[in-house]
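S.K.: File query-v1.tsv follows (TSV, N, CA and C atoms):
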chain	number	residue	atom	x	y	z
N	78	MET	N	-5.05	7.59	-42.53
N	78	MET	CA	-4.43	8.91	-42.67
N	78	MET	C	-2.92	8.79	-42.87
N	79	MET	N	-2.28	7.84	-42.21
N	79	MET	CA	-0.83	7.72	-42.34
N	79	MET	C	-0.42	7.37	-43.76
N	80	ASP	N	-1.19	6.52	-44.43
N	80	ASP	CA	-0.88	6.17	-45.81
N	80	ASP	C	-1.00	7.40	-46.71
N	81	GLU	N	-2.08	8.15	-46.52
N	81	GLU	CA	-2.29	9.36	-47.32
N	81	GLU	C	-1.19	10.37	-47.05
N	82	LEU	N	-0.84	10.54	-45.77
N	82	LEU	CA	0.21	11.49	-45.42
N	82	LEU	C	1.54	11.08	-46.03
N	83	SER	N	1.88	9.81	-45.95
N	83	SER	CA	3.16	9.37	-46.51
N	83	SER	C	3.20	9.57	-48.02
N	84	GLU	N	2.08	9.31	-48.70
N	84	GLU	CA	2.03	9.51	-50.15
N	84	GLU	C	2.17	11.00	-50.48
N	85	ASP	N	1.45	11.85	-49.78
N	85	ASP	CA	1.53	13.28	-50.03
N	85	ASP	C	2.92	13.83	-49.72
N	86	MET	N	3.50	13.39	-48.62
N	86	MET	CA	4.82	13.87	-48.25
N	86	MET	C	5.86	13.41	-49.27
N	87	ALA	N	5.70	12.21	-49.75
N	87	ALA	CA	6.64	11.69	-50.76
N	87	ALA	C	6.60	12.51	-52.04
N	88	LYS	N	5.42	13.00	-52.40
N	88	LYS	CA	5.32	13.81	-53.63
N	88	LYS	C	5.43	15.31	-53.35
N	89	GLY	N	5.34	15.70	-52.07
N	89	GLY	CA	5.54	17.10	-51.70
N	89	GLY	C	4.30	17.97	-51.80
N	90	ASP	N	3.12	17.33	-51.86
N	90	ASP	CA	1.89	18.11	-52.00
N	90	ASP	C	0.70	17.20	-51.73
N	91	GLY	N	-0.41	17.80	-51.33
N	91	GLY	CA	-1.63	17.03	-51.16
N	91	GLY	C	-2.42	17.46	-49.94
N	92	GLU	N	-3.68	17.00	-49.91
N	92	GLU	CA	-4.62	17.38	-48.87
N	92	GLU	C	-4.19	16.90	-47.49
N	93	ALA	N	-3.71	15.67	-47.40
N	93	ALA	CA	-3.29	15.14	-46.09
N	93	ALA	C	-2.08	15.92	-45.56
N	94	LEU	N	-1.18	16.29	-46.44
N	94	LEU	CA	0.00	17.07	-46.01
N	94	LEU	C	-0.42	18.46	-45.55
N	95	THR	N	-1.35	19.07	-46.26
N	95	THR	CA	-1.86	20.38	-45.85
N	95	THR	C	-2.56	20.29	-44.50
N	96	THR	N	-3.36	19.25	-44.32
N	96	THR	CA	-4.05	19.05	-43.05
N	96	THR	C	-3.04	18.87	-41.91
N	97	TYR	N	-1.99	18.12	-42.16
N	97	TYR	CA	-0.94	17.93	-41.15
N	97	TYR	C	-0.29	19.26	-40.79
N	98	ALA	N	-0.02	20.08	-41.79
N	98	ALA	CA	0.56	21.41	-41.53
N	98	ALA	C	-0.38	22.25	-40.66
N	99	VAL	N	-1.67	22.20	-40.96
N	99	VAL	CA	-2.66	22.95	-40.18
N	99	VAL	C	-2.67	22.45	-38.74
N	100	ILE	N	-2.67	21.14	-38.55
N	100	ILE	CA	-2.66	20.56	-37.20
N	100	ILE	C	-1.44	21.01	-36.41
N	101	LEU	N	-0.31	21.12	-37.10
N	101	LEU	CA	0.93	21.55	-36.43
N	101	LEU	C	0.99	23.06	-36.24
N	102	GLY	N	0.00	23.77	-36.77
N	102	GLY	CA	-0.05	25.22	-36.59
N	102	GLY	C	0.78	26.00	-37.57
N	103	VAL	N	1.16	25.40	-38.68
N	103	VAL	CA	1.98	26.08	-39.68
N	103	VAL	C	1.12	27.13	-40.39
N	104	ASP	N	1.59	28.35	-40.39
N	104	ASP	CA	0.87	29.45	-41.03
N	104	ASP	C	0.79	29.24	-42.54
N	105	PRO	N	-0.28	29.76	-43.16
N	105	PRO	CA	-0.45	29.57	-44.61
N	105	PRO	C	0.77	29.98	-45.44
N	106	GLN	N	1.44	31.05	-45.07
N	106	GLN	CA	2.58	31.52	-45.85
N	106	GLN	C	3.80	30.59	-45.74
N	107	ASP	N	3.80	29.69	-44.76
N	107	ASP	CA	4.92	28.76	-44.57
N	107	ASP	C	4.62	27.34	-45.02
N	108	ARG	N	3.42	27.11	-45.53
N	108	ARG	CA	3.03	25.73	-45.87
N	108	ARG	C	3.76	25.17	-47.08
N	109	ALA	N	4.10	26.00	-48.05
N	109	ALA	CA	4.87	25.51	-49.19
N	109	ALA	C	6.26	25.08	-48.72
N	110	ARG	N	6.84	25.86	-47.83
N	110	ARG	CA	8.16	25.48	-47.28
N	110	ARG	C	8.04	24.21	-46.46
N	111	PHE	N	6.99	24.10	-45.65
N	111	PHE	CA	6.74	22.89	-44.88
N	111	PHE	C	6.67	21.68	-45.80
N	112	ALA	N	5.92	21.80	-46.88
N	112	ALA	CA	5.79	20.69	-47.83
N	112	ALA	C	7.14	20.33	-48.43
N	113	ALA	N	7.93	21.34	-48.79
N	113	ALA	CA	9.24	21.08	-49.40
N	113	ALA	C	10.21	20.45	-48.40
N	114	VAL	N	10.24	20.96	-47.18
N	114	VAL	CA	11.17	20.44	-46.17
N	114	VAL	C	10.80	19.02	-45.77
N	115	THR	N	9.51	18.76	-45.57
N	115	THR	CA	9.12	17.40	-45.20
N	115	THR	C	9.33	16.44	-46.36
N	116	HIS	N	9.12	16.91	-47.58
N	116	HIS	CA	9.39	16.08	-48.76
N	116	HIS	C	10.88	15.73	-48.83
N	117	ASP	N	11.72	16.72	-48.66
N	117	ASP	CA	13.17	16.52	-48.74
N	117	ASP	C	13.69	15.61	-47.62
N	118	ASN	N	12.96	15.55	-46.52
N	118	ASN	CA	13.38	14.75	-45.36
N	118	ASN	C	12.45	13.56	-45.12
N	119	PHE	N	11.77	13.13	-46.16
N	119	PHE	CA	10.81	12.04	-46.06
N	119	PHE	C	11.41	10.82	-45.37
N	120	SER	N	12.62	10.43	-45.75
N	120	SER	CA	13.23	9.22	-45.18
N	120	SER	C	13.59	9.38	-43.71
N	121	LYS	N	13.71	10.60	-43.24
N	121	LYS	CA	13.95	10.83	-41.81
N	121	LYS	C	12.64	10.80	-41.03
N	122	ILE	N	11.56	11.20	-41.67
N	122	ILE	CA	10.26	11.25	-41.01
N	122	ILE	C	9.61	9.87	-41.00
N	123	PHE	N	9.59	9.24	-42.17
N	123	PHE	CA	9.08	7.86	-42.27
N	123	PHE	C	10.31	6.95	-42.32
N	124	ASP	N	10.91	6.75	-41.15
N	124	ASP	CA	12.23	6.12	-41.06
N	124	ASP	C	12.22	4.61	-40.93
N	125	LYS	N	11.03	4.01	-40.90
N	125	LYS	CA	10.94	2.55	-40.84
N	125	LYS	C	9.59	2.12	-41.40
N	126	ALA	N	9.49	0.86	-41.75
N	126	ALA	CA	8.28	0.35	-42.40
N	126	ALA	C	7.05	0.42	-41.50
N	127	ASN	N	7.23	0.16	-40.23
N	127	ASN	CA	6.09	0.14	-39.30
N	127	ASN	C	6.04	1.40	-38.43
N	128	VAL	N	6.28	2.53	-39.03
N	128	VAL	CA	6.30	3.81	-38.32
N	128	VAL	C	4.91	4.10	-37.76
N	129	THR	N	4.88	4.65	-36.54
N	129	THR	CA	3.62	5.01	-35.90
N	129	THR	C	3.36	6.50	-36.07
N	130	ALA	N	2.15	6.92	-35.77
N	130	ALA	CA	1.82	8.34	-35.83
N	130	ALA	C	2.70	9.14	-34.87
N	131	GLU	N	2.96	8.57	-33.71
N	131	GLU	CA	3.83	9.24	-32.74
N	131	GLU	C	5.25	9.39	-33.30
N	132	ASP	N	5.75	8.35	-33.96
N	132	ASP	CA	7.07	8.42	-34.59
N	132	ASP	C	7.12	9.54	-35.62
N	133	VAL	N	6.10	9.57	-36.46
N	133	VAL	CA	6.05	10.59	-37.53
N	133	VAL	C	6.02	11.98	-36.93
N	134	HIS	N	5.23	12.17	-35.89
N	134	HIS	CA	5.14	13.47	-35.24
N	134	HIS	C	6.49	13.88	-34.66
N	135	THR	N	7.11	12.99	-33.90
N	135	THR	CA	8.41	13.27	-33.30
N	135	THR	C	9.46	13.54	-34.37
N	136	ASN	N	9.49	12.72	-35.40
N	136	ASN	CA	10.47	12.89	-36.47
N	136	ASN	C	10.24	14.19	-37.24
N	137	THR	N	8.98	14.54	-37.44
N	137	THR	CA	8.66	15.80	-38.13
N	137	THR	C	9.18	16.98	-37.32
N	138	LEU	N	8.92	16.98	-36.03
N	138	LEU	CA	9.38	18.08	-35.19
N	138	LEU	C	10.90	18.17	-35.20
N	139	ASN	N	11.58	17.04	-35.19
N	139	ASN	CA	13.05	17.05	-35.26
N	139	ASN	C	13.55	17.66	-36.56
N	140	VAL	N	12.88	17.36	-37.66
N	140	VAL	CA	13.25	17.93	-38.95
N	140	VAL	C	12.98	19.44	-38.95
N	141	LEU	N	11.82	19.83	-38.45
N	141	LEU	CA	11.47	21.25	-38.44
N	141	LEU	C	12.42	22.07	-37.57
N	142	LYS	N	12.90	21.49	-36.48
N	142	LYS	CA	13.83	22.20	-35.59
N	142	LYS	C	15.10	22.63	-36.32
N	143	ASN	N	15.45	21.93	-37.38
N	143	ASN	CA	16.68	22.23	-38.13
N	143	ASN	C	16.46	23.20	-39.28
N	144	ASP	N	15.26	23.74	-39.39
N	144	ASP	CA	14.97	24.71	-40.45
N	144	ASP	C	14.74	26.08	-39.81
N	145	ALA	N	15.46	27.08	-40.30
N	145	ALA	CA	15.42	28.41	-39.70
N	145	ALA	C	14.00	29.00	-39.68
N	146	VAL	N	13.22	28.77	-40.70
N	146	VAL	CA	11.88	29.32	-40.78
N	146	VAL	C	10.87	28.49	-39.98
N	147	LEU	N	10.97	27.18	-40.10
N	147	LEU	CA	9.96	26.29	-39.52
N	147	LEU	C	10.21	25.91	-38.07
N	148	ALA	N	11.38	26.21	-37.54
N	148	ALA	CA	11.71	25.84	-36.16
N	148	ALA	C	10.72	26.43	-35.15
N	149	ARG	N	10.16	27.56	-35.46
N	149	ARG	CA	9.23	28.20	-34.51
N	149	ARG	C	7.97	27.36	-34.27
N	150	TYR	N	7.65	26.45	-35.19
N	150	TYR	CA	6.48	25.61	-35.03
N	150	TYR	C	6.74	24.40	-34.11
N	151	THR	N	7.94	24.29	-33.62
N	151	THR	CA	8.26	23.17	-32.72
N	151	THR	C	8.22	23.61	-31.26
N	152	GLN	N	7.95	24.88	-31.03
N	152	GLN	CA	7.89	25.40	-29.66
N	152	GLN	C	6.58	24.98	-29.02
N	153	ALA	N	6.65	24.58	-27.78
N	153	ALA	CA	5.44	24.14	-27.06
N	153	ALA	C	4.55	25.29	-26.70
Show how you would write the structure in this file as structure tokens.
M.R.:
Amino acid sequence: MMDELSEDMAKGDGEALTTYAVILGVDPQDRARFAAVTHDNFSKIFDKANVTAEDVHTNTLNVLKNDAVLARYTQA
């Protein structure tokens, strides 16, 4: 899944990226923005060669916290 997610995030679209958005609770109307923001911040999310799923999750939440629309999805 991590390989698929990294490929989809790098191109800004795809089934794995949509699934990740659903898992994070991103509403359908915000998924295009989620795809764009994660694409634009790919190097912050996948910040090293041996990145773990936990790293990706933490890094994604950090990126989302800095977006006015998507920050609400980082609330516990």
S.K.: Hey, which of N:Asp107, N:Asp117, N:Asp124, N:Glu131 ends up closest to Val146 (chain N)? Count only N, CA and C atoms.
M.R.: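 Closest candidate: N:Asp107.
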S.K.: Would you work out the distance separating CA of Thr115 (chain N) from CA of Thr137 (chain N), expressed in Å to one decimal?
M.R.: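 These two atoms are separated by 7.3 Å.
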S.K.: If DSSP is run on the backbone, what residues of chain N are helix (DSSP H, G or I)? A reply as an MDAnalysis selection string would be ideal.
M.R.: chainID N and resid 79:88 92:100 105:117 119:122 130:142 147:151
S.K.: For region 89-98 of chain N, list every protein, DNA or RNA residue within 7 Å, evaluated using only N, CA and C atoms, and leave out those in the same chain fewer than 4 positions away; present the list as an mmCIF file with N, CA and C atoms, in the coordinates of the input.
M.R.:
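Generated output (around23.cif):
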data_model
loop_
_atom_site.group_PDB
_atom_site.id
_atom_site.type_symbol
_atom_site.label_atom_id
_atom_site.label_comp_id
_atom_site.auth_asym_id
_atom_site.auth_seq_id
_atom_site.Cartn_x
_atom_site.Cartn_y
_atom_site.Cartn_z
ATOM 1 N N GLU N 81 -2.080 8.150 -46.520
ATOM 2 C CA GLU N 81 -2.290 9.360 -47.320
ATOM 3 C C GLU N 81 -1.190 10.370 -47.050
ATOM 4 N N LEU N 82 -0.840 10.540 -45.770
ATOM 5 C CA LEU N 82 0.210 11.490 -45.420
ATOM 6 C C LEU N 82 1.540 11.080 -46.030
ATOM 7 N N GLU N 84 2.080 9.310 -48.700
ATOM 8 C CA GLU N 84 2.030 9.510 -50.150
ATOM 9 C C GLU N 84 2.170 11.000 -50.480
ATOM 10 N N ASP N 85 1.450 11.850 -49.780
ATOM 11 C CA ASP N 85 1.530 13.280 -50.030
ATOM 12 C C ASP N 85 2.920 13.830 -49.720
ATOM 13 N N GLY N 102 0.000 23.770 -36.770
ATOM 14 C CA GLY N 102 -0.050 25.220 -36.590
ATOM 15 C C GLY N 102 0.780 26.000 -37.570
ATOM 16 N N VAL N 103 1.160 25.400 -38.680
ATOM 17 C CA VAL N 103 1.980 26.080 -39.680
ATOM 18 C C VAL N 103 1.120 27.130 -40.390
ATOM 19 N N ASP N 104 1.590 28.350 -40.390
ATOM 20 C CA ASP N 104 0.870 29.450 -41.030
ATOM 21 C C ASP N 104 0.790 29.240 -42.540
ATOM 22 N N ARG N 108 3.420 27.110 -45.530
ATOM 23 C CA ARG N 108 3.030 25.730 -45.870
ATOM 24 C C ARG N 108 3.760 25.170 -47.080
ATOM 25 N N ALA N 112 5.920 21.800 -46.880
ATOM 26 C CA ALA N 112 5.790 20.690 -47.830
ATOM 27 C C ALA N 112 7.140 20.330 -48.430
ATOM 28 N N ALA N 113 7.930 21.340 -48.790
ATOM 29 C CA ALA N 113 9.240 21.080 -49.400
ATOM 30 C C ALA N 113 10.210 20.450 -48.400
ATOM 31 N N THR N 115 9.510 18.760 -45.570
ATOM 32 C CA THR N 115 9.120 17.400 -45.200
ATOM 33 C C THR N 115 9.330 16.440 -46.360
ATOM 34 N N HIS N 116 9.120 16.910 -47.580
ATOM 35 C CA HIS N 116 9.390 16.080 -48.760
ATOM 36 C C HIS N 116 10.880 15.730 -48.830
ATOM 37 N N ASP N 117 11.720 16.720 -48.660
ATOM 38 C CA ASP N 117 13.170 16.520 -48.740
ATOM 39 C C ASP N 117 13.690 15.610 -47.620
#
S.K.: What is the atom N of Ala87 (chain N)-CA of Gln152 (chain N) distance in Å, reported with one decimal?
M.R.: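 Computing it gives 24.1 Å between the two atoms.
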S.K.: What does the structure give for the distance between CA of Met79 (chain N) and CA of Ala145 (chain N), in Å to one decimal?
M.R.: 26.4 Å
S.K.: Taking only N, CA and C atoms into account, which of N:Lys88, N:Lys125, N:Leu101, N:Ala130 comes nearest Thr151 (chain N)?
M.R.: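 Of N:Lys88, N:Lys125, N:Leu101, N:Ala130, the one nearest Thr151 (chain N) is N:Leu101, counting only N, CA and C atoms.
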S.K.: Find the residues around Val133 (chain N) up to 7 Å (only C-alpha atoms counted), leave out those fewer than 4 positions away in its own chain, and share them as a ChimeraX atom specification.
M.R.: /N:122-123,128-129,137
S.K.: Box in all listed atoms of region 126-134 of chain N, axis-aligned, with 8 Å more on each side; write out centre and edge lengths in Å to one decimal as AutoDock Vina command-line options.
M.R.:
--center_x 5.7 --center_y 7.0 --center_z -37.6 --size_x 23.7 --size_y 29.7 --size_z 25.7
S.K.: Between N:His134, N:Ala109, N:Asn143, N:Asn118, which has the minimum distance to Met86 (chain N) (counting only N, CA and C atoms)?
M.R.: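 Ranked by minimum distance to Met86 (chain N), first place goes to N:Asn118.
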S.K.: Can you take the partial region 117-128 of chain N, add all heavy atoms, and return it as a compact mmCIF listing (two decimals), keeping the file's coordinate frame?
M.R.:
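File produced: selection.txt:
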# COMPACT_ATOMS: atom_id res chain seq x y z
N ASP N 117 11.72 16.72 -48.66
CA ASP N 117 13.17 16.52 -48.74
C ASP N 117 13.69 15.61 -47.62
O ASP N 117 14.74 14.99 -47.76
CB ASP N 117 13.91 17.86 -48.68
CG ASP N 117 13.71 18.69 -49.93
OD1 ASP N 117 13.24 18.15 -50.96
OD2 ASP N 117 14.01 19.91 -49.88
N ASN N 118 12.96 15.55 -46.52
CA ASN N 118 13.38 14.75 -45.36
C ASN N 118 12.45 13.56 -45.12
O ASN N 118 12.38 13.03 -44.01
CB ASN N 118 13.42 15.65 -44.11
CG ASN N 118 14.55 16.63 -44.17
OD1 ASN N 118 15.69 16.30 -43.88
ND2 ASN N 118 14.25 17.86 -44.58
N PHE N 119 11.77 13.13 -46.16
CA PHE N 119 10.81 12.04 -46.06
C PHE N 119 11.41 10.82 -45.37
O PHE N 119 10.80 10.23 -44.48
CB PHE N 119 10.30 11.66 -47.46
CG PHE N 119 9.34 10.51 -47.45
CD1 PHE N 119 8.01 10.71 -47.17
CD2 PHE N 119 9.78 9.22 -47.71
CE1 PHE N 119 7.11 9.65 -47.15
CE2 PHE N 119 8.90 8.15 -47.69
CZ PHE N 119 7.55 8.36 -47.41
N SER N 120 12.62 10.43 -45.75
CA SER N 120 13.23 9.22 -45.18
C SER N 120 13.59 9.38 -43.71
O SER N 120 13.72 8.39 -43.00
CB SER N 120 14.46 8.81 -45.98
OG SER N 120 15.47 9.80 -45.89
N LYS N 121 13.71 10.60 -43.24
CA LYS N 121 13.95 10.83 -41.81
C LYS N 121 12.64 10.80 -41.03
O LYS N 121 12.62 10.44 -39.85
CB LYS N 121 14.63 12.18 -41.59
CG LYS N 121 16.05 12.25 -42.11
CD LYS N 121 16.65 13.61 -41.87
CE LYS N 121 18.05 13.68 -42.46
NZ LYS N 121 18.60 15.04 -42.35
N ILE N 122 11.56 11.20 -41.67
CA ILE N 122 10.26 11.25 -41.01
C ILE N 122 9.61 9.87 -41.00
O ILE N 122 9.13 9.40 -39.98
CB ILE N 122 9.36 12.32 -41.67
CG1 ILE N 122 9.99 13.71 -41.46
CG2 ILE N 122 7.94 12.26 -41.10
CD1 ILE N 122 9.34 14.83 -42.24
N PHE N 123 9.59 9.24 -42.17
CA PHE N 123 9.08 7.86 -42.27
C PHE N 123 10.31 6.95 -42.32
O PHE N 123 10.72 6.48 -43.38
CB PHE N 123 8.21 7.71 -43.52
CG PHE N 123 6.86 8.33 -43.36
CD1 PHE N 123 6.65 9.68 -43.63
CD2 PHE N 123 5.79 7.57 -42.91
CE1 PHE N 123 5.40 10.25 -43.46
CE2 PHE N 123 4.53 8.14 -42.74
CZ PHE N 123 4.34 9.49 -43.02
N ASP N 124 10.91 6.75 -41.15
CA ASP N 124 12.23 6.12 -41.06
C ASP N 124 12.22 4.61 -40.93
O ASP N 124 13.27 3.99 -40.86
CB ASP N 124 13.04 6.74 -39.93
CG ASP N 124 12.40 6.56 -38.56
OD1 ASP N 124 11.19 6.20 -38.49
OD2 ASP N 124 13.08 6.79 -37.56
N LYS N 125 11.03 4.01 -40.90
CA LYS N 125 10.94 2.55 -40.84
C LYS N 125 9.59 2.12 -41.40
O LYS N 125 8.66 2.91 -41.49
CB LYS N 125 11.13 2.05 -39.41
CG LYS N 125 10.21 2.65 -38.39
CD LYS N 125 10.63 2.30 -36.97
CE LYS N 125 9.79 3.10 -35.98
NZ LYS N 125 10.41 3.17 -34.69
N ALA N 126 9.49 0.86 -41.75
CA ALA N 126 8.28 0.35 -42.40
C ALA N 126 7.05 0.42 -41.50
O ALA N 126 5.96 0.72 -41.96
CB ALA N 126 8.51 -1.09 -42.86
N ASN N 127 7.23 0.16 -40.23
CA ASN N 127 6.09 0.14 -39.30
C ASN N 127 6.04 1.40 -38.43
O ASN N 127 5.76 1.33 -37.25
CB ASN N 127 6.14 -1.12 -38.43
CG ASN N 127 7.43 -1.23 -37.64
OD1 ASN N 127 8.41 -0.54 -37.91
ND2 ASN N 127 7.44 -2.11 -36.65
N VAL N 128 6.28 2.53 -39.03
CA VAL N 128 6.30 3.81 -38.32
C VAL N 128 4.91 4.10 -37.76
O VAL N 128 3.89 3.82 -38.39
CB VAL N 128 6.81 4.94 -39.24
CG1 VAL N 128 5.82 5.25 -40.35
CG2 VAL N 128 7.16 6.18 -38.46
